[in-house]
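Student: Input: one structure, supplied below.
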Amino acid sequence: MKRVALYAAALGFTLFAGFPFYWMLITTFKQNRDLYVGASDLSHIPWIFNDPPTLEHVKLLFGQTDFPRWVLNTLLVVAAVVVITVAVAVPAGYSLARLAGRWGERLGMGIFFTYLIPPTLLFVPFARLVSVLGLQNSLGSLILIYPTMTIPFCTWLVMGFLRSVPWEIEEQAMIDGYSRLAVIVKVAPRLIVPGILTVIVFSFTLVMQEFVYALTFISSVDKMTVSLGVPIALVRGDVYHWGALMAAALFTSIPLAIVYNVFIDRFIQGFTMGAVKG
Amino acid sequence: MTSRRTLADREDVLGGVMLAPALAYVVLLVGVPFFLAIALSFSNATAGSLSFQWTGLGNYAAILGDPIFLRALQNSVVVTVATQVLVIILATAAAQVFRATFRGKRFARFVLLLPWAVPVSLAAIAWTWIFDSTFSVINWSLKATGLLHGWLYWLGDPALALLAIIIVQAWRIFPFATVIVLAGLSSIPQEIIEAAIVDGAGFWRRLFQIELPLLLPVVAVAVLFGVVYTATDLGVVYILTGGGPANTTHVLPTLAFQRGILGADLGQGAAIAVFLLPFLIVVAVAMLRLARRAEVGGAAR
């Protein structure tokens with residue numbers, strides 16, 4: 001009896017969480033005449049394929065829309081933001097964890113709190129800043145601004161990560177005659193590799209998901225990222241190409257879902273800020 | 001050579017150099033814009049020209065007399081609070097399920113994380129299709145099971161549209177909260193639970209008198225992030241309803257965007273966005289308290 005309740009609850013949560021993705025999946029591969037039957041026609045069951053599945057929406061998405069362009073734009077921004085974030089946040093995290101002494105933690109928390117300042121508060125001044133810099137409607141604006149979201153969280157992640165790495169290895173290197181700088185350049189990078197990986201993954205997911213700044217800065221369709229272009233520019237006038245829209249949502253969700261499943265525990269350590277102790 | 005060697009060994013110098021770029025980024029591109037956002041709210045700045053004048057409380061007077069703004073403020077509070085209530089219930093229940101072992105758990109966990117992984121804007125467009133006025137699969141299912149006789153215009157009716165927004169926000173945040181609560185559950189020492197079982201405490205009693213009180217700091221973290229994610233979110237409302245019908249479902253971020261960016265009235269947009277600050281201050285203060293408590297708890301150990 002208890003097992004039945006457990007499975008029923010598990011099924012319930014899975015259905016609630018997963019149903020929109022099932023709906024993306026089935027919409028992506030349905031023929032139009034199967035898709036656009038009013039919901040008041042009770043004899044036509046929308047949950048299943050009433051006609052054979054089709055690839056026409058997928059072909060439309062990749063062949064006749066700007067989706068491939070948006071994927072390229074997104075990857076370009078991802079690459080640039082990852083480079084900036086790693087170059088800035090990893091040394092900062094190391095500095096706070098190993099070099100800053102007692103005030104390191106306080107300062108780290110101060111930096112982390114800026115992660116809580118949302119894009120919807122900052123987009124007004126940024127709109128002005130971006131136009132003063134002449135970056136409006138360019139990917140450069142996103143590359144400049146996105147690190148404001150990745151650096152605070154990633155500095156915090158690296159700092160927390162380093163606290164779980166024993167100090168002895170670096171200490172031994174110093175006893176062996178390395179200068180403090182040589183330890184940082186030659187020994188520390190090897191120790192931080194998993195932390196850097198988390199930083200890369202976090203930056204990647206954040207850039208993939210960001211919508212507000214992209215909506216504020218980018219107006220040309222050919223400069224858009226996936227998360228902006230799909231909901232804004234795949235809608236032509238009042239005509240929604242639901243098949244292609246859902247295909248785009250589905251194909252973007254899959255890599256992110258896989259990444260989240262692998263890295264979930266590391267992200268959680270960052271979010272819970274020591275409120276959870278292992 | 002000697003001086004170089006000492007420089008390469010000075011931790012304060014090295015620490016400062018390595019921290020400087022991050023500090024510069026945070027101060028110049030978060031700190032300064034943050035105060036600029038507040039300053040702009042006291043000005044008549046527009047997107048068109050760089051010159052502006054101080055207008056004192058003019059923007060605030062204008063929006064506080066504007067029923068659309070007051071409605072947006074109310075919606076922000078309602079959506080944020082209702083979402084967190086739903087999220088707490090869903091997440092604590094889901095955490096109880098997902099701490100158990102059962103067949104297909106890996107797959108269930110993968111699906112559970114999907115709403116958190118998918119970009120907000122893409123989830124919102126999927127829900128727009130689910131709530132479609134003609135093709136809504138929810139309406140079909142309700143009618144097919146005999147629960148609905150009329151018709152629900154999900155995004156065309158102000159009350160239903162607000163409900164739809166709350167459903168989508170809860171859907172997208174509860175997986176994150178579940179994972180956090182699970183992490184908290186796994187950190188409760190097993191001896192405490194076993195001692196309670198030996199003392200004859202049943203499932204509900206263990207849940208309400210032992211686990212939930214111990215989980216409080218963790219649930220609080222989940223709620224605090226949930227508040228930030230809901231109150232400051234623009235994508236869900238912008239895509240789902242665009243603030244409609246007739247400006248009844250605006251929240252602060254969508255209205256700030258409409259007035260500040262689309263309407264090019266930066267001053268008023270900034271003033272509307274400033275009303276997000278109370279949400280954030282409450283969250284920041286609560287987090288600091290939690291962090292201090294964690295610090296004290298860690299020191300006691």
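By order of appearance in the structure tokens: chains A, B, ..., then residues from 1 within every chain, and ligands from 1 in the order shown.
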Contacts of Phe16 in chain A at 10 Å or less, counting only C-alpha atoms, minus same-chain residues fewer than 6 places along, as a list in words?
Tutor: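 Here the qualifying residues turn out to be Val111, Leu112, Pro115 and Trp171 of chain B.
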Student: Neighbours of Val165 in chain A within 12 Å (only C-alpha atoms; same-chain residues fewer than 6 positions away dropped), as an MDAnalysis selection string?
Tutor: chainID A and resid 94 97:98 158:159 188 190:195
Student: Give me the residues near range 118-134 of chain A as a PyMOL selection string, where near means some atom within 7 Å (using only C-alpha atoms) and where sequence neighbours in that chain fewer than 4 positions away do not count.
Tutor: (chain A and resi 141+212-213+216-217) or (chain B and resi 33-34+36-37+47+232+253+260+266+269-270+273-274)
Student: If we count only C-alpha atoms and set the cut-off at 10 Å, which residues sit around Ala100 in chain B, ignoring sequence neighbours fewer than 4 positions away in its own chain? Please answer as a ChimeraX atom specification.
Tutor: /A:6,10 /B:95-96,105
Student: Would you save the residues of that selection, restricted to N, CA and C atoms, as a tab-separated table (two decimals), in the first residue's frame?
Tutor:
chain	number	residue	atom	x	y	z
A	6	LEU	N	3.70	5.72	-2.98
A	6	LEU	CA	4.98	6.28	-3.41
A	6	LEU	C	5.05	6.40	-4.93
A	10	ALA	N	5.26	9.75	-7.14
A	10	ALA	CA	6.39	9.94	-8.07
A	10	ALA	C	5.87	10.18	-9.48
B	95	ALA	N	10.33	16.08	-2.24
B	95	ALA	CA	11.58	15.63	-1.61
B	95	ALA	C	11.35	14.34	-0.83
B	96	GLN	N	10.19	14.22	-0.17
B	96	GLN	CA	9.87	12.98	0.54
B	96	GLN	C	9.81	11.80	-0.42
B	105	LYS	N	13.73	5.76	-10.86
B	105	LYS	CA	14.03	7.02	-10.17
B	105	LYS	C	14.94	7.92	-10.99
Student: So that I can see what lies close to Leu72 in chain A, please list as a VMD selection string the residues with an atom at most 10 Å from it, counting only C-alpha atoms and leaving out residues fewer than 6 positions away in the same chain.
Tutor: chain A and resid 78 223 to 226
Student: Please produce a file of those selected residues containing C-alpha atoms, as a CSV table (one decimal), in the first residue's frame.
Tutor:
chain,number,residue,atom,x,y,z
A,78,VAL,CA,28.8,31.4,-24.7
A,223,LYS,CA,21.7,39.2,-34.0
A,224,MET,CA,19.4,37.2,-31.7
A,225,THR,CA,20.2,34.4,-29.4
A,226,VAL,CA,18.1,31.2,-29.2
Student: Taking only range 112-186 of chain B into account, list the residues labelled helix (DSSP H, G or I) by DSSP (computed from the backbone), as a PDB file with N, CA and C atoms, in the first residue's frame.
Tutor:
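The new file selection.pdb reads:
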ATOM      1  N   LEU B 112      12.229  15.605 -13.623  1.00  0.00           N
ATOM      2  CA  LEU B 112      11.971  16.613 -12.595  1.00  0.00           C
ATOM      3  C   LEU B 112      12.842  17.852 -12.799  1.00  0.00           C
ATOM      4  N   LEU B 113      14.074  17.643 -13.278  1.00  0.00           N
ATOM      5  CA  LEU B 113      14.994  18.773 -13.443  1.00  0.00           C
ATOM      6  C   LEU B 113      14.735  19.572 -14.719  1.00  0.00           C
ATOM      7  N   LEU B 114      13.953  19.004 -15.629  1.00  0.00           N
ATOM      8  CA  LEU B 114      13.734  19.676 -16.918  1.00  0.00           C
ATOM      9  C   LEU B 114      13.206  21.113 -16.787  1.00  0.00           C
ATOM     10  N   PRO B 115      12.179  21.363 -15.953  1.00  0.00           N
ATOM     11  CA  PRO B 115      11.645  22.734 -15.901  1.00  0.00           C
ATOM     12  C   PRO B 115      12.676  23.764 -15.463  1.00  0.00           C
ATOM     13  N   TRP B 116      13.648  23.320 -14.677  1.00  0.00           N
ATOM     14  CA  TRP B 116      14.679  24.239 -14.208  1.00  0.00           C
ATOM     15  C   TRP B 116      15.726  24.463 -15.296  1.00  0.00           C
ATOM     16  N   ALA B 117      15.990  23.435 -16.085  1.00  0.00           N
ATOM     17  CA  ALA B 117      17.057  23.525 -17.081  1.00  0.00           C
ATOM     18  C   ALA B 117      16.622  24.318 -18.308  1.00  0.00           C
ATOM     19  N   VAL B 120      13.763  30.065 -19.569  1.00  0.00           N
ATOM     20  CA  VAL B 120      12.437  30.573 -19.177  1.00  0.00           C
ATOM     21  C   VAL B 120      11.594  30.922 -20.398  1.00  0.00           C
ATOM     22  N   SER B 121      12.216  31.589 -21.361  1.00  0.00           N
ATOM     23  CA  SER B 121      11.431  32.078 -22.489  1.00  0.00           C
ATOM     24  C   SER B 121      10.878  30.919 -23.314  1.00  0.00           C
ATOM     25  N   LEU B 122      11.636  29.819 -23.397  1.00  0.00           N
ATOM     26  CA  LEU B 122      11.159  28.681 -24.185  1.00  0.00           C
ATOM     27  C   LEU B 122      10.078  27.922 -23.424  1.00  0.00           C
ATOM     28  N   ALA B 123      10.233  27.815 -22.099  1.00  0.00           N
ATOM     29  CA  ALA B 123       9.166  27.198 -21.307  1.00  0.00           C
ATOM     30  C   ALA B 123       7.894  28.020 -21.431  1.00  0.00           C
ATOM     31  N   ALA B 124       8.045  29.353 -21.383  1.00  0.00           N
ATOM     32  CA  ALA B 124       6.865  30.221 -21.445  1.00  0.00           C
ATOM     33  C   ALA B 124       6.146  30.072 -22.777  1.00  0.00           C
ATOM     34  N   ILE B 125       6.910  29.916 -23.866  1.00  0.00           N
ATOM     35  CA  ILE B 125       6.251  29.789 -25.173  1.00  0.00           C
ATOM     36  C   ILE B 125       5.533  28.433 -25.259  1.00  0.00           C
ATOM     37  N   ALA B 126       6.111  27.410 -24.641  1.00  0.00           N
ATOM     38  CA  ALA B 126       5.432  26.108 -24.616  1.00  0.00           C
ATOM     39  C   ALA B 126       4.123  26.200 -23.838  1.00  0.00           C
ATOM     40  N   TRP B 127       4.154  26.886 -22.711  1.00  0.00           N
ATOM     41  CA  TRP B 127       2.922  27.052 -21.916  1.00  0.00           C
ATOM     42  C   TRP B 127       1.904  27.919 -22.649  1.00  0.00           C
ATOM     43  N   THR B 128       2.381  28.900 -23.424  1.00  0.00           N
ATOM     44  CA  THR B 128       1.453  29.704 -24.219  1.00  0.00           C
ATOM     45  C   THR B 128       0.654  28.807 -25.162  1.00  0.00           C
ATOM     46  N   TRP B 129       1.334  27.837 -25.731  1.00  0.00           N
ATOM     47  CA  TRP B 129       0.685  26.890 -26.632  1.00  0.00           C
ATOM     48  C   TRP B 129      -0.261  25.966 -25.847  1.00  0.00           C
ATOM     49  N   ILE B 130       0.154  25.584 -24.640  1.00  0.00           N
ATOM     50  CA  ILE B 130      -0.703  24.723 -23.814  1.00  0.00           C
ATOM     51  C   ILE B 130      -1.981  25.458 -23.402  1.00  0.00           C
ATOM     52  N   VAL B 137      -4.808  21.975 -24.658  1.00  0.00           N
ATOM     53  CA  VAL B 137      -4.935  20.560 -24.311  1.00  0.00           C
ATOM     54  C   VAL B 137      -5.535  20.423 -22.906  1.00  0.00           C
ATOM     55  N   ILE B 138      -5.370  21.457 -22.079  1.00  0.00           N
ATOM     56  CA  ILE B 138      -5.968  21.413 -20.739  1.00  0.00           C
ATOM     57  C   ILE B 138      -7.488  21.431 -20.857  1.00  0.00           C
ATOM     58  N   ASN B 139      -7.986  22.336 -21.698  1.00  0.00           N
ATOM     59  CA  ASN B 139      -9.433  22.387 -21.889  1.00  0.00           C
ATOM     60  C   ASN B 139      -9.961  21.069 -22.446  1.00  0.00           C
ATOM     61  N   TRP B 140      -9.239  20.497 -23.425  1.00  0.00           N
ATOM     62  CA  TRP B 140      -9.695  19.232 -24.003  1.00  0.00           C
ATOM     63  C   TRP B 140      -9.775  18.168 -22.908  1.00  0.00           C
ATOM     64  N   SER B 141      -8.729  18.087 -22.094  1.00  0.00           N
ATOM     65  CA  SER B 141      -8.686  17.043 -21.071  1.00  0.00           C
ATOM     66  C   SER B 141      -9.775  17.245 -20.023  1.00  0.00           C
ATOM     67  N   LEU B 142      -9.996  18.503 -19.630  1.00  0.00           N
ATOM     68  CA  LEU B 142     -11.051  18.778 -18.643  1.00  0.00           C
ATOM     69  C   LEU B 142     -12.422  18.441 -19.209  1.00  0.00           C
ATOM     70  N   LYS B 143     -12.631  18.750 -20.478  1.00  0.00           N
ATOM     71  CA  LYS B 143     -13.924  18.446 -21.092  1.00  0.00           C
ATOM     72  C   LYS B 143     -14.095  16.946 -21.286  1.00  0.00           C
ATOM     73  N   ALA B 144     -13.004  16.282 -21.705  1.00  0.00           N
ATOM     74  CA  ALA B 144     -13.095  14.841 -21.984  1.00  0.00           C
ATOM     75  C   ALA B 144     -13.378  14.064 -20.698  1.00  0.00           C
ATOM     76  N   PRO B 158      -8.573  37.953 -17.007  1.00  0.00           N
ATOM     77  CA  PRO B 158      -7.556  38.429 -16.059  1.00  0.00           C
ATOM     78  C   PRO B 158      -7.271  37.461 -14.914  1.00  0.00           C
ATOM     79  N   ALA B 159      -8.313  36.915 -14.279  1.00  0.00           N
ATOM     80  CA  ALA B 159      -8.085  36.035 -13.128  1.00  0.00           C
ATOM     81  C   ALA B 159      -7.419  34.732 -13.573  1.00  0.00           C
ATOM     82  N   LEU B 160      -7.911  34.149 -14.664  1.00  0.00           N
ATOM     83  CA  LEU B 160      -7.322  32.902 -15.160  1.00  0.00           C
ATOM     84  C   LEU B 160      -5.885  33.128 -15.624  1.00  0.00           C
ATOM     85  N   ALA B 161      -5.635  34.275 -16.247  1.00  0.00           N
ATOM     86  CA  ALA B 161      -4.285  34.563 -16.740  1.00  0.00           C
ATOM     87  C   ALA B 161      -3.307  34.651 -15.563  1.00  0.00           C
ATOM     88  N   LEU B 162      -3.750  35.268 -14.469  1.00  0.00           N
ATOM     89  CA  LEU B 162      -2.895  35.363 -13.289  1.00  0.00           C
ATOM     90  C   LEU B 162      -2.639  33.966 -12.715  1.00  0.00           C
ATOM     91  N   LEU B 163      -3.695  33.152 -12.706  1.00  0.00           N
ATOM     92  CA  LEU B 163      -3.544  31.762 -12.243  1.00  0.00           C
ATOM     93  C   LEU B 163      -2.547  31.023 -13.140  1.00  0.00           C
ATOM     94  N   ALA B 164      -2.669  31.232 -14.455  1.00  0.00           N
ATOM     95  CA  ALA B 164      -1.751  30.581 -15.390  1.00  0.00           C
ATOM     96  C   ALA B 164      -0.310  30.990 -15.094  1.00  0.00           C
ATOM     97  N   ILE B 165      -0.109  32.281 -14.811  1.00  0.00           N
ATOM     98  CA  ILE B 165       1.251  32.772 -14.504  1.00  0.00           C
ATOM     99  C   ILE B 165       1.785  32.088 -13.251  1.00  0.00           C
ATOM    100  N   ILE B 166       0.919  31.975 -12.225  1.00  0.00           N
ATOM    101  CA  ILE B 166       1.351  31.335 -10.978  1.00  0.00           C
ATOM    102  C   ILE B 166       1.698  29.866 -11.220  1.00  0.00           C
ATOM    103  N   ILE B 167       0.877  29.175 -12.020  1.00  0.00           N
ATOM    104  CA  ILE B 167       1.151  27.766 -12.315  1.00  0.00           C
ATOM    105  C   ILE B 167       2.520  27.622 -12.986  1.00  0.00           C
ATOM    106  N   VAL B 168       2.769  28.466 -13.977  1.00  0.00           N
ATOM    107  CA  VAL B 168       4.036  28.354 -14.711  1.00  0.00           C
ATOM    108  C   VAL B 168       5.217  28.677 -13.793  1.00  0.00           C
ATOM    109  N   GLN B 169       5.089  29.716 -12.954  1.00  0.00           N
ATOM    110  CA  GLN B 169       6.187  30.062 -12.047  1.00  0.00           C
ATOM    111  C   GLN B 169       6.445  28.928 -11.049  1.00  0.00           C
ATOM    112  N   ALA B 170       5.383  28.355 -10.486  1.00  0.00           N
ATOM    113  CA  ALA B 170       5.560  27.264  -9.525  1.00  0.00           C
ATOM    114  C   ALA B 170       6.183  26.059 -10.224  1.00  0.00           C
ATOM    115  N   TRP B 171       5.720  25.778 -11.443  1.00  0.00           N
ATOM    116  CA  TRP B 171       6.240  24.651 -12.216  1.00  0.00           C
ATOM    117  C   TRP B 171       7.740  24.803 -12.453  1.00  0.00           C
ATOM    118  N   ARG B 172       8.168  26.036 -12.721  1.00  0.00           N
ATOM    119  CA  ARG B 172       9.563  26.224 -13.111  1.00  0.00           C
ATOM    120  C   ARG B 172      10.472  26.289 -11.884  1.00  0.00           C
ATOM    121  N   ILE B 173       9.935  26.645 -10.691  1.00  0.00           N
ATOM    122  CA  ILE B 173      10.794  26.819  -9.526  1.00  0.00           C
ATOM    123  C   ILE B 173      10.788  25.618  -8.590  1.00  0.00           C
ATOM    124  N   PHE B 174       9.693  24.821  -8.569  1.00  0.00           N
ATOM    125  CA  PHE B 174       9.639  23.757  -7.556  1.00  0.00           C
ATOM    126  C   PHE B 174      10.723  22.682  -7.742  1.00  0.00           C
ATOM    127  N   PRO B 175      11.178  22.383  -8.970  1.00  0.00           N
ATOM    128  CA  PRO B 175      12.264  21.391  -9.065  1.00  0.00           C
ATOM    129  C   PRO B 175      13.536  21.865  -8.359  1.00  0.00           C
ATOM    130  N   PHE B 176      13.855  23.137  -8.531  1.00  0.00           N
ATOM    131  CA  PHE B 176      15.021  23.721  -7.865  1.00  0.00           C
ATOM    132  C   PHE B 176      14.865  23.606  -6.348  1.00  0.00           C
ATOM    133  N   ALA B 177      13.669  23.964  -5.830  1.00  0.00           N
ATOM    134  CA  ALA B 177      13.431  23.894  -4.391  1.00  0.00           C
ATOM    135  C   ALA B 177      13.500  22.445  -3.900  1.00  0.00           C
ATOM    136  N   THR B 178      12.984  21.527  -4.706  1.00  0.00           N
ATOM    137  CA  THR B 178      13.019  20.114  -4.319  1.00  0.00           C
ATOM    138  C   THR B 178      14.457  19.638  -4.127  1.00  0.00           C
ATOM    139  N   VAL B 179      15.309  19.990  -5.073  1.00  0.00           N
ATOM    140  CA  VAL B 179      16.699  19.542  -4.998  1.00  0.00           C
ATOM    141  C   VAL B 179      17.385  20.128  -3.759  1.00  0.00           C
ATOM    142  N   ILE B 180      17.074  21.379  -3.456  1.00  0.00           N
ATOM    143  CA  ILE B 180      17.670  22.001  -2.269  1.00  0.00           C
ATOM    144  C   ILE B 180      17.177  21.316  -0.994  1.00  0.00           C
ATOM    145  N   VAL B 181      15.872  21.038  -0.922  1.00  0.00           N
ATOM    146  CA  VAL B 181      15.333  20.371   0.266  1.00  0.00           C
ATOM    147  C   VAL B 181      15.922  18.957   0.390  1.00  0.00           C
ATOM    148  N   LEU B 182      16.098  18.272  -0.751  1.00  0.00           N
ATOM    149  CA  LEU B 182      16.719  16.937  -0.724  1.00  0.00           C
ATOM    150  C   LEU B 182      18.127  17.011  -0.147  1.00  0.00           C
ATOM    151  N   ALA B 183      18.876  18.035  -0.569  1.00  0.00           N
ATOM    152  CA  ALA B 183      20.230  18.202  -0.037  1.00  0.00           C
ATOM    153  C   ALA B 183      20.173  18.412   1.472  1.00  0.00           C
ATOM    154  N   GLY B 184      19.160  19.153   1.930  1.00  0.00           N
ATOM    155  CA  GLY B 184      19.000  19.378   3.359  1.00  0.00           C
ATOM    156  C   GLY B 184      18.642  18.096   4.091  1.00  0.00           C
ATOM    157  N   LEU B 185      17.733  17.315   3.515  1.00  0.00           N
ATOM    158  CA  LEU B 185      17.324  16.048   4.140  1.00  0.00           C
ATOM    159  C   LEU B 185      18.515  15.122   4.318  1.00  0.00           C
ATOM    160  N   SER B 186      19.385  15.079   3.293  1.00  0.00           N
ATOM    161  CA  SER B 186      20.501  14.135   3.366  1.00  0.00           C
ATOM    162  C   SER B 186      21.534  14.585   4.396  1.00  0.00           C
TER     163      SER B 186
END
Student: Near Val86 in chain A, counting only C-alpha atoms, which residues have an atom at most 12 Å away, once you skip same-chain residues fewer than 3 positions from it, shown as a PyMOL selection string?
Tutor: (chain A and resi 78-83+89-94+147+150-155+157-158+189+192-193+195-204) or (chain B and resi 21-22)
Student: Here is a test: counting only C-alpha atoms, which residue of B:Ser187, B:Val97, B:Ile272, B:Thr83 is nearest to Ala61 in chain B?
Tutor: B:Ile272
Student: What are the nearest atom pairs, with distances in Å to one decimal, for all residues of range 43-161 of chain A that come at most 10 Å from range 230-235 of chain A, using only C-alpha atoms, set out by chain and rising residue number as a Markdown table?
Tutor:
| residue | atom | partner | partner_atom | distance |
| --- | --- | --- | --- | --- |
| A:Leu61 | CA | A:Leu234 | CA | 9.0 |
| A:Thr65 | CA | A:Leu234 | CA | 7.5 |
| A:Asp66 | CA | A:Leu234 | CA | 8.3 |
| A:Phe67 | CA | A:Val230 | CA | 7.4 |
| A:Trp70 | CA | A:Val230 | CA | 8.6 |
Student: Neighbouring residues of His44 in chain A were defined as those with any atom within 12 Å, considering only C-alpha atoms; residues of the same chain fewer than 4 positions away were excluded. Please report them as a list in words.
Tutor: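 Near neighbours after the sequence-gap exclusion: Arg33, Asp34, Leu35, Tyr36, Val37, Gly38, Ala39, Ser40, Ile48, Phe49, Asn50 and Asp51 of chain A; Phe135, Val137, Trp140, Ser141 and Ala144 of chain B.
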Student: Hey, can you spit out that residue selection with N, CA and C atoms as a PDB file, in the first residue's frame?
Tutor:
ATOM      1  N   ARG A  33      -2.590  18.942 -39.920  1.00  0.00           N
ATOM      2  CA  ARG A  33      -4.022  18.622 -39.836  1.00  0.00           C
ATOM      3  C   ARG A  33      -4.341  17.845 -38.557  1.00  0.00           C
ATOM      4  N   ASP A  34      -3.289  17.250 -37.952  1.00  0.00           N
ATOM      5  CA  ASP A  34      -3.453  16.564 -36.679  1.00  0.00           C
ATOM      6  C   ASP A  34      -3.320  17.565 -35.527  1.00  0.00           C
ATOM      7  N   LEU A  35      -2.537  18.633 -35.795  1.00  0.00           N
ATOM      8  CA  LEU A  35      -2.204  19.608 -34.754  1.00  0.00           C
ATOM      9  C   LEU A  35      -3.339  20.603 -34.541  1.00  0.00           C
ATOM     10  N   TYR A  36      -3.844  21.130 -35.628  1.00  0.00           N
ATOM     11  CA  TYR A  36      -4.784  22.247 -35.517  1.00  0.00           C
ATOM     12  C   TYR A  36      -6.228  21.769 -35.591  1.00  0.00           C
ATOM     13  N   VAL A  37      -6.597  20.932 -34.629  1.00  0.00           N
ATOM     14  CA  VAL A  37      -7.985  20.529 -34.465  1.00  0.00           C
ATOM     15  C   VAL A  37      -8.431  21.152 -33.152  1.00  0.00           C
ATOM     16  N   GLY A  38      -9.496  21.929 -33.172  1.00  0.00           N
ATOM     17  CA  GLY A  38      -9.926  22.633 -31.958  1.00  0.00           C
ATOM     18  C   GLY A  38     -10.110  21.681 -30.791  1.00  0.00           C
ATOM     19  N   ALA A  39      -9.803  22.183 -29.590  1.00  0.00           N
ATOM     20  CA  ALA A  39      -9.892  21.341 -28.403  1.00  0.00           C
ATOM     21  C   ALA A  39     -11.333  21.016 -28.034  1.00  0.00           C
ATOM     22  N   SER A  40     -12.301  21.666 -28.702  1.00  0.00           N
ATOM     23  CA  SER A  40     -13.694  21.352 -28.376  1.00  0.00           C
ATOM     24  C   SER A  40     -14.162  20.095 -29.100  1.00  0.00           C
ATOM     25  N   ILE A  48      -2.114  11.978 -28.563  1.00  0.00           N
ATOM     26  CA  ILE A  48      -1.451  10.931 -29.342  1.00  0.00           C
ATOM     27  C   ILE A  48      -1.325  11.371 -30.809  1.00  0.00           C
ATOM     28  N   PHE A  49      -0.541  10.622 -31.571  1.00  0.00           N
ATOM     29  CA  PHE A  49      -0.464  10.855 -33.009  1.00  0.00           C
ATOM     30  C   PHE A  49      -1.672  10.216 -33.680  1.00  0.00           C
ATOM     31  N   ASN A  50      -2.574  11.046 -34.202  1.00  0.00           N
ATOM     32  CA  ASN A  50      -3.712  10.502 -34.942  1.00  0.00           C
ATOM     33  C   ASN A  50      -3.346  10.262 -36.400  1.00  0.00           C
ATOM     34  N   ASP A  51      -2.335  10.984 -36.890  1.00  0.00           N
ATOM     35  CA  ASP A  51      -1.776  10.770 -38.223  1.00  0.00           C
ATOM     36  C   ASP A  51      -0.310  10.428 -38.028  1.00  0.00           C
TER      37      ASP A  51
ATOM     38  N   PHE B 135      -6.791  25.710 -28.967  1.00  0.00           N
ATOM     39  CA  PHE B 135      -6.237  24.355 -28.997  1.00  0.00           C
ATOM     40  C   PHE B 135      -5.771  23.849 -27.632  1.00  0.00           C
ATOM     41  N   VAL B 137      -4.808  21.975 -24.658  1.00  0.00           N
ATOM     42  CA  VAL B 137      -4.935  20.560 -24.311  1.00  0.00           C
ATOM     43  C   VAL B 137      -5.535  20.423 -22.906  1.00  0.00           C
ATOM     44  N   TRP B 140      -9.239  20.497 -23.425  1.00  0.00           N
ATOM     45  CA  TRP B 140      -9.695  19.232 -24.003  1.00  0.00           C
ATOM     46  C   TRP B 140      -9.775  18.168 -22.908  1.00  0.00           C
ATOM     47  N   SER B 141      -8.729  18.087 -22.094  1.00  0.00           N
ATOM     48  CA  SER B 141      -8.686  17.043 -21.071  1.00  0.00           C
ATOM     49  C   SER B 141      -9.775  17.245 -20.023  1.00  0.00           C
ATOM     50  N   ALA B 144     -13.004  16.282 -21.705  1.00  0.00           N
ATOM     51  CA  ALA B 144     -13.095  14.841 -21.984  1.00  0.00           C
ATOM     52  C   ALA B 144     -13.378  14.064 -20.698  1.00  0.00           C
TER      53      ALA B 144
END
Student: Have a look at A:Ile143, A:Ile26, A:Val77, A:Ala182 and name the one nearest to Trp242 in chain A; count only C-alpha atoms.
Tutor: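 Selected residue with least distance to Trp242 in chain A: A:Ile26.
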Student: Looking at B:Phe42, B:Phe102, B:Phe208, B:Trp154, which one is nearest to chain A, with distances taken over only C-alpha atoms?
Tutor: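 For chain A, the nearest of the candidates is B:Phe102.
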Student: Grab the CA of Leu290 in chain B to CA of Val218 in chain B distance for me, in Å with one decimal place.
Tutor: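 Result for CA of Leu290 in chain B versus CA of Val218 in chain B: 9.1 Å, one decimal.
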